[in-house]
Structures are given as structure tokens and as C-alpha cells.
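Data from run-v4.cif: mmCIF, C-alpha atoms
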data_work
loop_
_atom_site.label_atom_id
_atom_site.label_comp_id
_atom_site.auth_asym_id
_atom_site.auth_seq_id
_atom_site.Cartn_x
_atom_site.Cartn_y
_atom_site.Cartn_z
CA MET A 487 41.83 27.82 6.58
CA LYS A 488 43.27 30.42 4.22
CA LYS A 489 43.68 27.78 1.49
CA LEU A 490 40.04 26.72 1.92
CA VAL A 491 38.82 30.29 1.49
CA THR A 492 41.01 30.74 -1.58
CA ALA A 493 39.77 27.48 -3.08
CA CYS A 494 36.13 28.42 -2.47
CA ALA A 495 36.67 31.82 -4.07
CA ALA A 496 38.29 30.19 -7.11
CA VAL A 497 35.41 27.74 -7.51
CA ALA A 498 32.87 30.56 -7.22
CA ALA A 499 34.69 32.57 -9.88
CA ILE A 500 34.73 29.61 -12.25
CA VAL A 501 30.99 29.02 -11.79
CA VAL A 502 30.19 32.68 -12.46
CA LEU A 503 32.43 32.89 -15.51
CA ALA A 504 31.12 29.63 -16.95
CA GLY A 505 27.56 30.90 -16.74
CA SER A 506 28.16 34.25 -18.41
CA PRO A 507 28.59 32.97 -21.99
CA ALA A 508 25.22 31.24 -21.83
CA TYR A 509 23.55 34.54 -20.95
CA ALA A 510 25.48 36.31 -23.70
CA PHE A 511 23.62 34.33 -26.35
CA LYS A 512 20.23 34.56 -24.63
CA CYS A 513 20.10 38.36 -24.40
CA PRO A 514 19.74 39.14 -28.13
CA THR A 515 17.03 36.49 -28.53
CA LEU A 516 14.94 37.94 -25.72
CA ILE A 517 15.47 41.52 -26.88
CA LYS A 518 14.52 40.65 -30.46
CA ALA A 519 11.36 38.83 -29.34
CA GLY A 520 10.38 41.83 -27.23
CA LYS A 521 10.96 44.35 -30.00
CA GLU A 522 8.98 42.23 -32.47
CA ALA A 523 6.08 41.92 -30.02
CA ALA A 524 6.13 45.65 -29.21
CA ALA A 525 6.06 46.50 -32.92
CA LYS A 526 2.72 44.71 -33.24
CA MET A 527 1.15 46.67 -30.37
CA PRO A 528 -0.05 50.28 -30.10
CA ALA A 529 3.04 52.45 -29.64
CA ASP A 530 1.17 54.87 -27.36
CA ASP A 531 0.25 52.15 -24.84
CA PRO A 532 2.05 52.94 -21.53
CA LYS A 533 3.05 49.29 -21.05
CA VAL A 534 4.56 49.17 -24.53
CA LYS A 535 6.52 52.37 -23.85
CA GLN A 536 7.77 50.98 -20.54
CA ALA A 537 8.68 47.65 -22.14
CA THR A 538 10.51 49.38 -25.00
CA ALA A 539 12.55 51.40 -22.50
CA LYS A 540 13.42 48.18 -20.63
CA LEU A 541 14.45 46.51 -23.91
CA ASP A 542 16.74 49.44 -24.70
CA GLU A 543 18.22 49.13 -21.21
CA ALA A 544 18.66 45.37 -21.71
CA GLN A 545 20.54 46.03 -24.97
CA LYS A 546 22.82 48.51 -23.20
CA LEU A 547 23.52 46.03 -20.40
CA HIS A 548 24.26 43.31 -22.95
CA SER A 549 26.71 45.62 -24.73
CA GLU A 550 28.43 46.29 -21.40
CA GLY A 551 28.81 42.55 -20.78
CA LYS A 552 26.28 42.51 -17.92
CA HIS A 553 24.41 39.55 -19.35
CA ALA A 554 22.57 38.36 -16.23
CA ASP A 555 21.20 41.87 -15.70
CA SER A 556 20.34 42.12 -19.38
CA VAL A 557 18.36 38.87 -19.30
CA LYS A 558 16.52 39.97 -16.15
CA THR A 559 15.60 43.33 -17.69
CA ALA A 560 14.52 41.76 -20.98
CA ASP A 561 12.37 39.25 -19.08
CA GLU A 562 10.70 42.13 -17.26
CA ALA A 563 9.96 43.79 -20.60
CA LEU A 564 8.53 40.58 -22.04
CA ALA A 565 6.28 40.20 -19.00
CA LEU A 566 4.93 43.73 -19.56
CA LEU A 567 4.16 42.78 -23.14
CA GLY A 568 2.59 39.46 -22.14
CA VAL A 569 5.15 37.45 -24.09
CA LYS A 570 5.94 33.97 -22.77
CA MET A 571 9.35 32.47 -23.54
#
With the file now loaded, output its structure as C-alpha cells.
Amino acid sequence: MKKLVTACAAVAAIVVLAGSPAYAFKCPTLIKAGKEAAAKMPADDPKVKQATAKLDEAQKLHSEGKHADSVKTADEALALLGVKM
């Protein structure tokens, strides 16, 4: 039983680690698209301000290596801006 638990934990770790590099390359693309879209909109719009704050947070998360969280936050920002990716 102990070996089964250890094996399952190892497989789970491999799956998580294999997925992280894919997110690492997606983050900058989403953040860039959001910043470009926000630049074309009125800066005083509350949704643009909120989206810009989320994009800054996404960049910080990306820098910290938290790529899944970064992608989620960037997606939220893009939704506020009405950008479809």
C-alpha cells in the first residue's frame, strides 16, 4: 500500500511539472495581448484600471514561477477587456 501511494505521488508530481513549462510560455503572450488592448482603451475606464492591475499581478506571478496562477489572472484581465484568445 505504501508503494502504491508513493507511486501515485510520483506520477502526480511528474504531471504537474510537465505542465508548468507550457504555462511559462503562455503567460507573456496573454499579458502582452492584454496590455496592447488596454493601451487602445480609455485609461480612466474602471474596467481598464482593474484589468491593468490584474495584468501587473499576472506578470508578478509569472516572475515568481506561478505560471498556472499567472495564466488564470491574465485570462481574467482579458475578459474584463473583452479580448478573446
What does the distance from CA of Leu547 in chain A to CA of Lys533 in chain A come to in Å, to one decimal?
-> 20.7 Å
Given the file above and the PyMOL selection byres ((chain A and resi 562) around 12), which residues are selected, and can you give them as a PDB file with C-alpha atoms, in the frame of the given file?
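Saved the output as selection-v1.pdb:
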ATOM      1  CA  LEU A 516      14.940  37.940 -25.720  1.00  0.00           C
ATOM      2  CA  ILE A 517      15.470  41.520 -26.880  1.00  0.00           C
ATOM      3  CA  GLY A 520      10.380  41.830 -27.230  1.00  0.00           C
ATOM      4  CA  LYS A 533       3.050  49.290 -21.050  1.00  0.00           C
ATOM      5  CA  VAL A 534       4.560  49.170 -24.530  1.00  0.00           C
ATOM      6  CA  GLN A 536       7.770  50.980 -20.540  1.00  0.00           C
ATOM      7  CA  ALA A 537       8.680  47.650 -22.140  1.00  0.00           C
ATOM      8  CA  THR A 538      10.510  49.380 -25.000  1.00  0.00           C
ATOM      9  CA  ALA A 539      12.550  51.400 -22.500  1.00  0.00           C
ATOM     10  CA  LYS A 540      13.420  48.180 -20.630  1.00  0.00           C
ATOM     11  CA  LEU A 541      14.450  46.510 -23.910  1.00  0.00           C
ATOM     12  CA  GLU A 543      18.220  49.130 -21.210  1.00  0.00           C
ATOM     13  CA  ALA A 544      18.660  45.370 -21.710  1.00  0.00           C
ATOM     14  CA  ASP A 555      21.200  41.870 -15.700  1.00  0.00           C
ATOM     15  CA  SER A 556      20.340  42.120 -19.380  1.00  0.00           C
ATOM     16  CA  VAL A 557      18.360  38.870 -19.300  1.00  0.00           C
ATOM     17  CA  LYS A 558      16.520  39.970 -16.150  1.00  0.00           C
ATOM     18  CA  THR A 559      15.600  43.330 -17.690  1.00  0.00           C
ATOM     19  CA  ALA A 560      14.520  41.760 -20.980  1.00  0.00           C
ATOM     20  CA  ASP A 561      12.370  39.250 -19.080  1.00  0.00           C
ATOM     21  CA  ALA A 563       9.960  43.790 -20.600  1.00  0.00           C
ATOM     22  CA  LEU A 564       8.530  40.580 -22.040  1.00  0.00           C
ATOM     23  CA  ALA A 565       6.280  40.200 -19.000  1.00  0.00           C
ATOM     24  CA  LEU A 566       4.930  43.730 -19.560  1.00  0.00           C
ATOM     25  CA  LEU A 567       4.160  42.780 -23.140  1.00  0.00           C
ATOM     26  CA  GLY A 568       2.590  39.460 -22.140  1.00  0.00           C
ATOM     27  CA  VAL A 569       5.150  37.450 -24.090  1.00  0.00           C
ATOM     28  CA  LYS A 570       5.940  33.970 -22.770  1.00  0.00           C
ATOM     29  CA  MET A 571       9.350  32.470 -23.540  1.00  0.00           C
TER      30      MET A 571
END
Quote the spacing between CA of His553 in chain A and CA of Ala525 in chain A in Å to one decimal place.
->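 CA of Ala525 in chain A lies 23.9 Å from CA of His553 in chain A.
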CA of Pro528 in chain A and CA of Lys546 in chain A, how far apart in Å?
->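 About the pair CA of Lys546 in chain A and CA of Pro528 in chain A: they are 24.0 Å apart.
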Of the listed residues A:Ala523, A:Ala529, A:Lys512, A:Lys518, that which approaches Asp542 in chain A most closely, counting all atoms listed in the file =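 Between A:Ala523, A:Ala529, A:Lys512, A:Lys518, the residue approaching Asp542 in chain A most closely is A:Lys518.
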